Amino acid sequence: MKNNKFYITTPIYYVNGDPHIGHAYTTIAADIIARFNRMLGKDTFLLTGSDEHGEKIMQAAAIDNMDPQAFVDKNSAKFEITWDNLNISNDNFIRTTSKNHKLAVQKSLQKLFDKGLIYKGEHNGLYCIGCEQYKTEKDLVDGLCSDHQKKPIEVKEDCYMFKLSVFRNIIKNKIETDELQIKPEDKKNEVLSFLNEGLKDISFSRKIKWGVELPWDTTQTAYVWPDAFLNYITGLDWNGEDKAPPMWPAEVQLMSKDIIRVHATIWIAILLGLELPLPKKLFVHGFFLVNGQKMSKSVGNVITPDDLLKNYGTDGTRYLLASATPFGHDGDISMDKFDLKYNADLANGIGNLVARSISLTKKMKDAGIKLSTNSFATNNSNQDTWGDQIFQHEIHSAWEDYKKNLDDLQLDLSIRVVQEQISFLDNYITTVKPWELIRDNNPKTGEVIYNILERIRHIALMMLPFIPETADKILSAISLDPEQEKQKGWETFTKWGGLLTDAEIKESAILFPRK
RNA sequence: CGCGGGGUGGAGAAGUUAGGCAUCUCGCCAGGCCCAUAACCUGGAGGUCAUCGGUUCAAAUCCGGUCCCCGCAACCA
């Protein structure tokens, strides 16, 4: 029954700071994929949310002189506002401080504990007295705390451990056989070679207050792994019962490359321990570099979602991020490159194309000519290379390519298919010269303009997952309602001829002003 | 020999799984068009596909060596 469902998740973001471009990238990509699957008619659910427990939150809250709960309320709201500004169509926003989530985490931990998968152990940490906090190896420079230039002391602390090690072989097998897909291929290889080195048991709890209390030992709270990862199911209103909700498992879990290992090991082991189904696919995308450098506050080259929104608007930002780089690989970005691409693809491309098409239509109407589709069927004997057969075939194969690329999550490639359609139509207009047809009152005029507008309809629908507001504007301009179009079903709206010949064509404002 | 990825006209990328005319976007040059947001269309210049060797009728692609660059190495999208 649930063959036709599509569940996609983003990671939940740690809300000790503001949303940055990487969060936006993952979330926009997930939204595009979700919107595409809704277009296909699938029962689609998009989940994102925030990770709100842990020591760093406590510290950040203390610096702001705030209660942790008030602090995460404030910060997770910033994320929700950003997603609103980016027109993200998430079906839920899961917060790890929500009551239902905490309850489900506790039930799950108890279950793992009862099965003997959690045992009492020790956590060895590097503690910096200056910072009053634990450091990881990565935090250290030459073995010293970067803030205090002191060597941290080794501290042993009681905690509960999770038997991750026992899951190595089964996880390896599931990945090798693609029962659990990891894409792209190089990331799968990386995970497999990591698994070859073996898995160690990991700490599952800490002695800090800000977290989910362990049911059997309230002096400890859940560490990030059981707390954060379970959001992917609690986000579906799961309360920890034995059976997963019908939407689970996820078809796609999106993430960036820095967290693939923990997902492919710890998260999967938790699911195996709870005897819940595994996600179908973990898809890993790359990082952004700015002019070849890693984005960092100290270098001062950070580009924020708000910077992009201010410059390019909602749809401009969505489009530029989605097409900036091959999906699944690192990419180099800069505001200069964004400006170029904005002008080339959005202003000069789709924006100008729509403007010239609508203007031609208006001139045609002023000349008293109507849209028509009549004579093509009887007109096949002519030598016109722009005949309707070619025209229809072209659009059909374009839809196939488009769908194939999006099914494979190749966002950048599907955008390229649409760009080809735009070029094709620009070329058609230049070649057929509708302004001459109108002037000469040529009997083909109505058909030619129909062809142009019908093609605009297809382009707008292809763009719908990427730039929904703009697609909406374009469809409205040719008297179509996006929701009604989608209702017709994929097979219908991708066919040639969806535009009505009596459609009222409205002028629309400039879609993307040039930079 | 820790693991993984990469080196393709001036810039950014595709193509490598499956060998078969080196492709796309931006930039540059020349022409065209006059519907459109100084837009759009056509043509052109520019590449020994990092490098050396091998296999083959044929190599960016397969094999071996060398030189560079970049990630990861347990809670940074």
# chains A, B, ... in the order shown; residues from 1 in each chain; ligands from 1
$ residues_around --residues "A77 in chain B" --least-positions-apart "5" --cutoff "7 Å" --atoms "only C-alpha atoms (C1' of nucleotides)" --output "list in words"
Gly22, His23, Thr26, Met255 and Ser256 of chain A
$ write_last_selection --atoms "N, CA, C and O atoms" --output "CSV table (one decimal), in the first residue's frame"
chain,number,residue,atom,x,y,z
A,22,GLY,N,25.5,26.1,4.6
A,22,GLY,CA,25.4,24.7,4.5
A,22,GLY,C,24.1,24.1,4.9
A,22,GLY,O,23.5,23.2,4.3
A,23,HIS,N,23.6,24.6,6.0
A,23,HIS,CA,22.2,24.2,6.4
A,23,HIS,C,21.2,24.4,5.3
A,23,HIS,O,20.4,23.6,5.0
A,26,THR,N,21.6,21.9,2.2
A,26,THR,CA,20.9,20.6,2.5
A,26,THR,C,19.4,20.7,2.5
A,26,THR,O,18.7,19.9,1.9
A,255,MET,N,22.5,14.3,3.7
A,255,MET,CA,23.5,14.8,4.7
A,255,MET,C,24.8,15.2,4.0
A,255,MET,O,25.0,14.9,2.9
A,256,SER,N,25.6,16.0,4.8
A,256,SER,CA,26.9,16.4,4.2
A,256,SER,C,27.9,15.3,4.6
A,256,SER,O,27.7,14.5,5.4
$ residues_around --residues "Gly286 in chain A" --least-positions-apart "6" --cutoff "9 Å" --atoms "only C-alpha atoms (C1' of nucleotides)" --output "list in words"
Met255, Ser256, Lys257, Asp258, Thr325, Pro326, Phe327, Gly328, His329, Asp330 and Gly331 of chain A; A77 of chain B
$ atom_distance --atom1 "C1' of G20 in chain B" --atom2 "CA of Ala398 in chain A"
26.0 Å
$ interface_residues --of "chain A" --to "chain B" --cutoff "9 Å" --atoms "only C-alpha atoms (C1' of nucleotides)" --output "MDAnalysis selection string"
chainID A and resid 11 13 20:27 186:187 189:190 193:194 202 224:225 255:259 261:262 285:287 325:326 332 340:341 344 347:348 351:357 359:360 363 426:427 429:431 433:435 510:514
$ atom_distance --atom1 "CA of Thr96 in chain A" --atom2 "CA of Ile171 in chain A"
26.2 Å
$ residues_around --residues "range 495-501 of chain A" --least-positions-apart "2" --cutoff "9 Å" --atoms "only C-alpha atoms (C1' of nucleotides)" --output "compact mmCIF listing (two decimals) with C-alpha atoms, in the first residue's frame"
# COMPACT_ATOMS: atom_id res chain seq x y z
CA LYS A 370 -6.14 33.98 -31.61
CA LEU A 371 -4.18 31.03 -30.30
CA SER A 372 -4.79 27.88 -32.27
CA THR A 373 -3.70 24.27 -32.56
CA PHE A 391 8.20 19.72 -31.16
CA GLN A 392 6.29 17.11 -29.20
CA ILE A 395 9.47 17.76 -24.91
CA HIS A 396 8.70 14.13 -24.18
CA TYR A 450 0.64 28.50 -28.97
CA ASN A 451 3.79 26.41 -29.34
CA LEU A 453 3.37 29.37 -24.63
CA GLU A 454 2.83 25.64 -24.35
CA ARG A 455 6.55 25.18 -24.12
CA ARG A 457 4.12 25.79 -19.56
CA HIS A 458 6.43 22.76 -19.63
CA ILE A 478 -0.90 31.69 -18.89
CA SER A 479 -4.09 31.13 -16.88
CA LEU A 480 -3.09 27.94 -15.14
CA GLU A 485 -1.97 21.22 -12.87
CA TRP A 490 2.23 13.50 -14.01
CA GLU A 491 1.17 11.61 -17.15
CA THR A 492 -1.28 14.33 -18.06
CA PHE A 493 0.55 17.54 -17.36
CA ALA A 503 -6.37 30.97 -22.19
CA GLU A 504 -6.26 34.55 -21.10
$ atom_distance --atom1 "CA of Ser323 in chain A" --atom2 "CA of Gln410 in chain A"
9.9 Å
$ select_by_dssp --residues "range 249-417 of chain A" --states "alpha helix (DSSP H)" --output "MDAnalysis selection string"
chainID A and resid 260:262 268:273 305:323 335:341 352:366 388:407 411:417
$ closest_residue --among "B:C29, B:C49, B:C63, B:C68" --to "G9 in chain B" --atoms "only C-alpha atoms (C1' of nucleotides)"
B:C49
$ decode --residues "range 62-74 of chain B" --atoms "all heavy atoms" --output "mmCIF file, in the first residue's frame"
data_model
loop_
_atom_site.group_PDB
_atom_site.id
_atom_site.type_symbol
_atom_site.label_atom_id
_atom_site.label_comp_id
_atom_site.auth_asym_id
_atom_site.auth_seq_id
_atom_site.Cartn_x
_atom_site.Cartn_y
_atom_site.Cartn_z
ATOM 1 P P C B 62 39.428 4.340 -16.795
ATOM 2 O OP1 C B 62 38.261 3.992 -15.967
ATOM 3 O OP2 C B 62 40.520 5.142 -16.227
ATOM 4 O "O5'" C B 62 40.069 3.002 -17.383
ATOM 5 C "C5'" C B 62 39.300 1.820 -17.492
ATOM 6 C "C4'" C B 62 40.184 0.669 -17.914
ATOM 7 O "O4'" C B 62 40.539 0.816 -19.319
ATOM 8 C "C3'" C B 62 41.539 0.611 -17.208
ATOM 9 O "O3'" C B 62 41.440 -0.019 -15.945
ATOM 10 C "C2'" C B 62 42.368 -0.195 -18.188
ATOM 11 O "O2'" C B 62 42.083 -1.565 -18.111
ATOM 12 C "C1'" C B 62 41.861 0.354 -19.523
ATOM 13 N N1 C B 62 42.665 1.468 -20.042
ATOM 14 C C2 C B 62 43.960 1.190 -20.525
ATOM 15 O O2 C B 62 44.375 0.023 -20.486
ATOM 16 N N3 C B 62 44.707 2.197 -21.017
ATOM 17 C C4 C B 62 44.227 3.439 -21.042
ATOM 18 N N4 C B 62 45.009 4.401 -21.544
ATOM 19 C C5 C B 62 42.919 3.755 -20.558
ATOM 20 C C6 C B 62 42.184 2.742 -20.074
ATOM 21 P P C B 63 42.376 0.396 -14.751
ATOM 22 O OP1 C B 63 41.868 -0.260 -13.531
ATOM 23 O OP2 C B 63 42.549 1.866 -14.786
ATOM 24 O "O5'" C B 63 43.763 -0.265 -15.165
ATOM 25 C "C5'" C B 63 43.904 -1.681 -15.215
ATOM 26 C "C4'" C B 63 45.332 -2.039 -15.553
ATOM 27 O "O4'" C B 63 45.620 -1.641 -16.928
ATOM 28 C "C3'" C B 63 46.383 -1.308 -14.737
ATOM 29 O "O3'" C B 63 46.603 -1.905 -13.481
ATOM 30 C "C2'" C B 63 47.608 -1.387 -15.656
ATOM 31 O "O2'" C B 63 48.213 -2.657 -15.599
ATOM 32 C "C1'" C B 63 46.964 -1.190 -17.024
ATOM 33 N N1 C B 63 46.965 0.220 -17.452
ATOM 34 C C2 C B 63 48.143 0.758 -17.984
ATOM 35 O O2 C B 63 49.142 0.024 -18.061
ATOM 36 N N3 C B 63 48.160 2.042 -18.384
ATOM 37 C C4 C B 63 47.065 2.795 -18.280
ATOM 38 N N4 C B 63 47.141 4.063 -18.701
ATOM 39 C C5 C B 63 45.852 2.285 -17.738
ATOM 40 C C6 C B 63 45.842 1.004 -17.342
ATOM 41 P P G B 64 47.022 -0.989 -12.236
ATOM 42 O OP1 G B 64 46.962 -1.845 -11.029
ATOM 43 O OP2 G B 64 46.255 0.282 -12.267
ATOM 44 O "O5'" G B 64 48.547 -0.664 -12.562
ATOM 45 C "C5'" G B 64 49.531 -1.685 -12.473
ATOM 46 C "C4'" G B 64 50.870 -1.164 -12.909
ATOM 47 O "O4'" G B 64 50.794 -0.742 -14.304
ATOM 48 C "C3'" G B 64 51.360 0.090 -12.200
ATOM 49 O "O3'" G B 64 51.892 -0.172 -10.918
ATOM 50 C "C2'" G B 64 52.409 0.596 -13.184
ATOM 51 O "O2'" G B 64 53.592 -0.162 -13.118
ATOM 52 C "C1'" G B 64 51.703 0.328 -14.519
ATOM 53 N N9 G B 64 50.959 1.510 -14.958
ATOM 54 C C8 G B 64 49.606 1.751 -14.883
ATOM 55 N N7 G B 64 49.273 2.926 -15.356
ATOM 56 C C5 G B 64 50.474 3.495 -15.762
ATOM 57 C C6 G B 64 50.751 4.761 -16.352
ATOM 58 O O6 G B 64 49.970 5.662 -16.638
ATOM 59 N N1 G B 64 52.113 4.927 -16.598
ATOM 60 C C2 G B 64 53.083 4.000 -16.315
ATOM 61 N N2 G B 64 54.324 4.344 -16.619
ATOM 62 N N3 G B 64 52.844 2.814 -15.770
ATOM 63 C C4 G B 64 51.523 2.638 -15.522
ATOM 64 P P G B 65 51.851 1.002 -9.825
ATOM 65 O OP1 G B 65 52.329 0.385 -8.565
ATOM 66 O OP2 G B 65 50.530 1.671 -9.846
ATOM 67 O "O5'" G B 65 52.935 2.027 -10.353
ATOM 68 C "C5'" G B 65 54.314 1.698 -10.278
ATOM 69 C "C4'" G B 65 55.150 2.744 -10.963
ATOM 70 O "O4'" G B 65 54.671 2.974 -12.315
ATOM 71 C "C3'" G B 65 55.130 4.141 -10.359
ATOM 72 O "O3'" G B 65 55.908 4.254 -9.190
ATOM 73 C "C2'" G B 65 55.695 4.964 -11.516
ATOM 74 O "O2'" G B 65 57.100 4.794 -11.628
ATOM 75 C "C1'" G B 65 55.005 4.298 -12.713
ATOM 76 N N9 G B 65 53.786 5.037 -13.071
ATOM 77 C C8 G B 65 52.473 4.670 -12.907
ATOM 78 N N7 G B 65 51.628 5.582 -13.322
ATOM 79 C C5 G B 65 52.434 6.613 -13.789
ATOM 80 C C6 G B 65 52.093 7.870 -14.351
ATOM 81 O O6 G B 65 50.968 8.349 -14.568
ATOM 82 N N1 G B 65 53.228 8.607 -14.690
ATOM 83 C C2 G B 65 54.522 8.185 -14.493
ATOM 84 N N2 G B 65 55.476 9.032 -14.877
ATOM 85 N N3 G B 65 54.852 7.016 -13.967
ATOM 86 C C4 G B 65 53.764 6.288 -13.642
ATOM 87 P P U B 66 55.500 5.368 -8.097
ATOM 88 O OP1 U B 66 56.433 5.208 -6.945
ATOM 89 O OP2 U B 66 54.048 5.298 -7.866
ATOM 90 O "O5'" U B 66 55.838 6.735 -8.829
ATOM 91 C "C5'" U B 66 57.178 7.077 -9.149
ATOM 92 C "C4'" U B 66 57.220 8.404 -9.866
ATOM 93 O "O4'" U B 66 56.449 8.323 -11.094
ATOM 94 C "C3'" U B 66 56.587 9.571 -9.128
ATOM 95 O "O3'" U B 66 57.432 10.117 -8.133
ATOM 96 C "C2'" U B 66 56.325 10.542 -10.275
ATOM 97 O "O2'" U B 66 57.519 11.178 -10.706
ATOM 98 C "C1'" U B 66 55.855 9.581 -11.370
ATOM 99 N N1 U B 66 54.384 9.440 -11.360
ATOM 100 C C2 U B 66 53.637 10.470 -11.909
ATOM 101 O O2 U B 66 54.150 11.463 -12.391
ATOM 102 N N3 U B 66 52.279 10.287 -11.876
ATOM 103 C C4 U B 66 51.603 9.205 -11.348
ATOM 104 O O4 U B 66 50.375 9.187 -11.388
ATOM 105 C C5 U B 66 52.440 8.185 -10.796
ATOM 106 C C6 U B 66 53.777 8.333 -10.819
ATOM 107 P P C B 67 56.772 10.828 -6.853
ATOM 108 O OP1 C B 67 57.860 11.064 -5.876
ATOM 109 O OP2 C B 67 55.562 10.081 -6.445
ATOM 110 O "O5'" C B 67 56.314 12.229 -7.455
ATOM 111 C "C5'" C B 67 57.251 13.070 -8.117
ATOM 112 C "C4'" C B 67 56.544 14.249 -8.709
ATOM 113 O "O4'" C B 67 55.680 13.836 -9.799
ATOM 114 C "C3'" C B 67 55.601 14.972 -7.767
ATOM 115 O "O3'" C B 67 56.296 15.812 -6.869
ATOM 116 C "C2'" C B 67 54.699 15.719 -8.743
ATOM 117 O "O2'" C B 67 55.335 16.869 -9.273
ATOM 118 C "C1'" C B 67 54.536 14.673 -9.852
ATOM 119 N N1 C B 67 53.324 13.854 -9.657
ATOM 120 C C2 C B 67 52.081 14.362 -10.081
ATOM 121 O O2 C B 67 52.055 15.483 -10.601
ATOM 122 N N3 C B 67 50.971 13.612 -9.908
ATOM 123 C C4 C B 67 51.048 12.410 -9.341
ATOM 124 N N4 C B 67 49.922 11.728 -9.204
ATOM 125 C C5 C B 67 52.284 11.876 -8.896
ATOM 126 C C6 C B 67 53.389 12.620 -9.070
ATOM 127 P P C B 68 55.576 16.280 -5.532
ATOM 128 O OP1 C B 68 56.609 16.732 -4.598
ATOM 129 O OP2 C B 68 54.589 15.259 -5.098
ATOM 130 O "O5'" C B 68 54.800 17.549 -6.066
ATOM 131 C "C5'" C B 68 53.686 18.012 -5.383
ATOM 132 C "C4'" C B 68 52.767 18.743 -6.329
ATOM 133 O "O4'" C B 68 52.469 17.906 -7.482
ATOM 134 C "C3'" C B 68 51.424 19.018 -5.693
ATOM 135 O "O3'" C B 68 51.475 20.198 -4.912
ATOM 136 C "C2'" C B 68 50.500 19.079 -6.895
ATOM 137 O "O2'" C B 68 50.612 20.309 -7.589
ATOM 138 C "C1'" C B 68 51.077 17.956 -7.760
ATOM 139 N N1 C B 68 50.504 16.625 -7.431
ATOM 140 C C2 C B 68 49.148 16.370 -7.693
ATOM 141 O O2 C B 68 48.439 17.255 -8.173
ATOM 142 N N3 C B 68 48.636 15.144 -7.388
ATOM 143 C C4 C B 68 49.424 14.201 -6.862
ATOM 144 N N4 C B 68 48.876 13.014 -6.600
ATOM 145 C C5 C B 68 50.792 14.431 -6.590
ATOM 146 C C6 C B 68 51.291 15.646 -6.893
ATOM 147 P P C B 69 51.108 20.125 -3.384
ATOM 148 O OP1 C B 69 51.700 21.296 -2.710
ATOM 149 O OP2 C B 69 51.376 18.773 -2.883
ATOM 150 O "O5'" C B 69 49.545 20.341 -3.488
ATOM 151 C "C5'" C B 69 49.025 21.440 -4.222
ATOM 152 C "C4'" C B 69 47.573 21.212 -4.524
ATOM 153 O "O4'" C B 69 47.421 20.108 -5.455
ATOM 154 C "C3'" C B 69 46.727 20.785 -3.340
ATOM 155 O "O3'" C B 69 46.412 21.861 -2.486
ATOM 156 C "C2'" C B 69 45.519 20.178 -4.038
ATOM 157 O "O2'" C B 69 44.674 21.178 -4.577
ATOM 158 C "C1'" C B 69 46.197 19.435 -5.186
ATOM 159 N N1 C B 69 46.470 18.026 -4.850
ATOM 160 C C2 C B 69 45.392 17.126 -4.826
ATOM 161 O O2 C B 69 44.262 17.553 -5.074
ATOM 162 N N3 C B 69 45.617 15.826 -4.526
ATOM 163 C C4 C B 69 46.853 15.415 -4.256
ATOM 164 N N4 C B 69 47.028 14.122 -3.973
ATOM 165 C C5 C B 69 47.965 16.309 -4.270
ATOM 166 C C6 C B 69 47.734 17.599 -4.566
ATOM 167 P P C B 70 46.354 21.635 -0.904
ATOM 168 O OP1 C B 70 46.459 22.953 -0.249
ATOM 169 O OP2 C B 70 47.291 20.547 -0.536
ATOM 170 O "O5'" C B 70 44.885 21.078 -0.710
ATOM 171 C "C5'" C B 70 43.797 21.655 -1.416
ATOM 172 C "C4'" C B 70 42.622 20.714 -1.393
ATOM 173 O "O4'" C B 70 42.886 19.564 -2.229
ATOM 174 C "C3'" C B 70 42.334 20.090 -0.043
ATOM 175 O "O3'" C B 70 41.711 21.013 0.824
ATOM 176 C "C2'" C B 70 41.446 18.915 -0.455
ATOM 177 O "O2'" C B 70 40.142 19.324 -0.792
ATOM 178 C "C1'" C B 70 42.159 18.443 -1.728
ATOM 179 N N1 C B 70 43.091 17.326 -1.479
ATOM 180 C C2 C B 70 42.552 16.034 -1.392
ATOM 181 O O2 C B 70 41.326 15.893 -1.508
ATOM 182 N N3 C B 70 43.370 14.976 -1.180
ATOM 183 C C4 C B 70 44.687 15.180 -1.061
ATOM 184 N N4 C B 70 45.445 14.105 -0.861
ATOM 185 C C5 C B 70 45.259 16.482 -1.149
ATOM 186 C C6 C B 70 44.434 17.521 -1.359
ATOM 187 P P G B 71 41.582 20.707 2.364
ATOM 188 O OP1 G B 71 41.409 21.975 3.070
ATOM 189 O OP2 G B 71 42.639 19.766 2.806
ATOM 190 O "O5'" G B 71 40.210 19.949 2.346
ATOM 191 C "C5'" G B 71 39.909 19.056 3.361
ATOM 192 C "C4'" G B 71 38.853 18.097 2.888
ATOM 193 O "O4'" G B 71 39.320 17.388 1.709
ATOM 194 C "C3'" G B 71 38.607 17.030 3.925
ATOM 195 O "O3'" G B 71 37.589 17.479 4.803
ATOM 196 C "C2'" G B 71 38.231 15.809 3.103
ATOM 197 O "O2'" G B 71 36.896 15.859 2.686
ATOM 198 C "C1'" G B 71 39.166 15.990 1.901
ATOM 199 N N9 G B 71 40.499 15.417 2.102
ATOM 200 C C8 G B 71 41.688 16.091 2.080
ATOM 201 N N7 G B 71 42.728 15.314 2.275
ATOM 202 C C5 G B 71 42.186 14.040 2.422
ATOM 203 C C6 G B 71 42.819 12.793 2.640
ATOM 204 O O6 G B 71 44.018 12.557 2.745
ATOM 205 N N1 G B 71 41.896 11.755 2.747
ATOM 206 C C2 G B 71 40.539 11.911 2.637
ATOM 207 N N2 G B 71 39.808 10.797 2.762
ATOM 208 N N3 G B 71 39.929 13.070 2.423
ATOM 209 C C4 G B 71 40.810 14.090 2.321
ATOM 210 P P C B 72 37.959 17.594 6.332
ATOM 211 O OP1 C B 72 36.863 18.360 6.943
ATOM 212 O OP2 C B 72 39.362 18.019 6.528
ATOM 213 O "O5'" C B 72 37.814 16.071 6.770
ATOM 214 C "C5'" C B 72 36.616 15.364 6.450
ATOM 215 C "C4'" C B 72 36.855 13.884 6.498
ATOM 216 O "O4'" C B 72 37.865 13.513 5.525
ATOM 217 C "C3'" C B 72 37.447 13.370 7.808
ATOM 218 O "O3'" C B 72 36.443 13.253 8.795
ATOM 219 C "C2'" C B 72 38.005 12.024 7.372
ATOM 220 O "O2'" C B 72 36.984 11.068 7.227
ATOM 221 C "C1'" C B 72 38.560 12.364 5.986
ATOM 222 N N1 C B 72 40.004 12.641 5.991
ATOM 223 C C2 C B 72 40.891 11.550 6.106
ATOM 224 O O2 C B 72 40.413 10.413 6.227
ATOM 225 N N3 C B 72 42.221 11.764 6.089
ATOM 226 C C4 C B 72 42.682 13.010 5.954
ATOM 227 N N4 C B 72 44.006 13.166 5.935
ATOM 228 C C5 C B 72 41.814 14.137 5.837
ATOM 229 C C6 C B 72 40.484 13.905 5.857
ATOM 230 P P A B 73 36.873 13.513 10.308
ATOM 231 O OP1 A B 73 35.638 13.280 11.069
ATOM 232 O OP2 A B 73 37.594 14.791 10.441
ATOM 233 O "O5'" A B 73 37.890 12.327 10.608
ATOM 234 C "C5'" A B 73 37.423 10.979 10.624
ATOM 235 C "C4'" A B 73 38.552 10.065 10.968
ATOM 236 O "O4'" A B 73 39.528 10.090 9.909
ATOM 237 C "C3'" A B 73 39.337 10.469 12.211
ATOM 238 O "O3'" A B 73 38.715 9.915 13.361
ATOM 239 C "C2'" A B 73 40.712 9.857 11.965
ATOM 240 O "O2'" A B 73 40.757 8.493 12.325
ATOM 241 C "C1'" A B 73 40.829 9.960 10.447
ATOM 242 N N9 A B 73 41.602 11.133 10.034
ATOM 243 C C8 A B 73 41.139 12.405 9.790
ATOM 244 N N7 A B 73 42.068 13.248 9.431
ATOM 245 C C5 A B 73 43.226 12.475 9.432
ATOM 246 C C6 A B 73 44.558 12.773 9.145
ATOM 247 N N6 A B 73 44.980 13.977 8.775
ATOM 248 N N1 A B 73 45.471 11.763 9.254
ATOM 249 C C2 A B 73 45.039 10.550 9.632
ATOM 250 N N3 A B 73 43.819 10.155 9.925
ATOM 251 C C4 A B 73 42.949 11.166 9.805
ATOM 252 P P A B 74 38.618 10.779 14.674
ATOM 253 O OP1 A B 74 38.962 12.163 14.378
ATOM 254 O OP2 A B 74 39.322 10.044 15.743
ATOM 255 O "O5'" A B 74 37.074 10.715 14.998
ATOM 256 C "C5'" A B 74 36.125 11.371 14.129
ATOM 257 C "C4'" A B 74 34.767 11.176 14.731
ATOM 258 O "O4'" A B 74 34.354 9.815 14.513
ATOM 259 C "C3'" A B 74 34.768 11.427 16.232
ATOM 260 O "O3'" A B 74 33.671 12.223 16.601
ATOM 261 C "C2'" A B 74 34.698 10.042 16.854
ATOM 262 O "O2'" A B 74 33.895 10.017 17.995
ATOM 263 C "C1'" A B 74 34.081 9.193 15.738
ATOM 264 N N9 A B 74 34.657 7.848 15.710
ATOM 265 C C8 A B 74 35.962 7.482 15.871
ATOM 266 N N7 A B 74 36.166 6.196 15.814
ATOM 267 C C5 A B 74 34.902 5.683 15.603
ATOM 268 C C6 A B 74 34.445 4.374 15.449
ATOM 269 N N6 A B 74 35.221 3.311 15.481
ATOM 270 N N1 A B 74 33.116 4.199 15.261
ATOM 271 C C2 A B 74 32.328 5.269 15.219
ATOM 272 N N3 A B 74 32.644 6.565 15.350
ATOM 273 C C4 A B 74 33.963 6.684 15.548
#
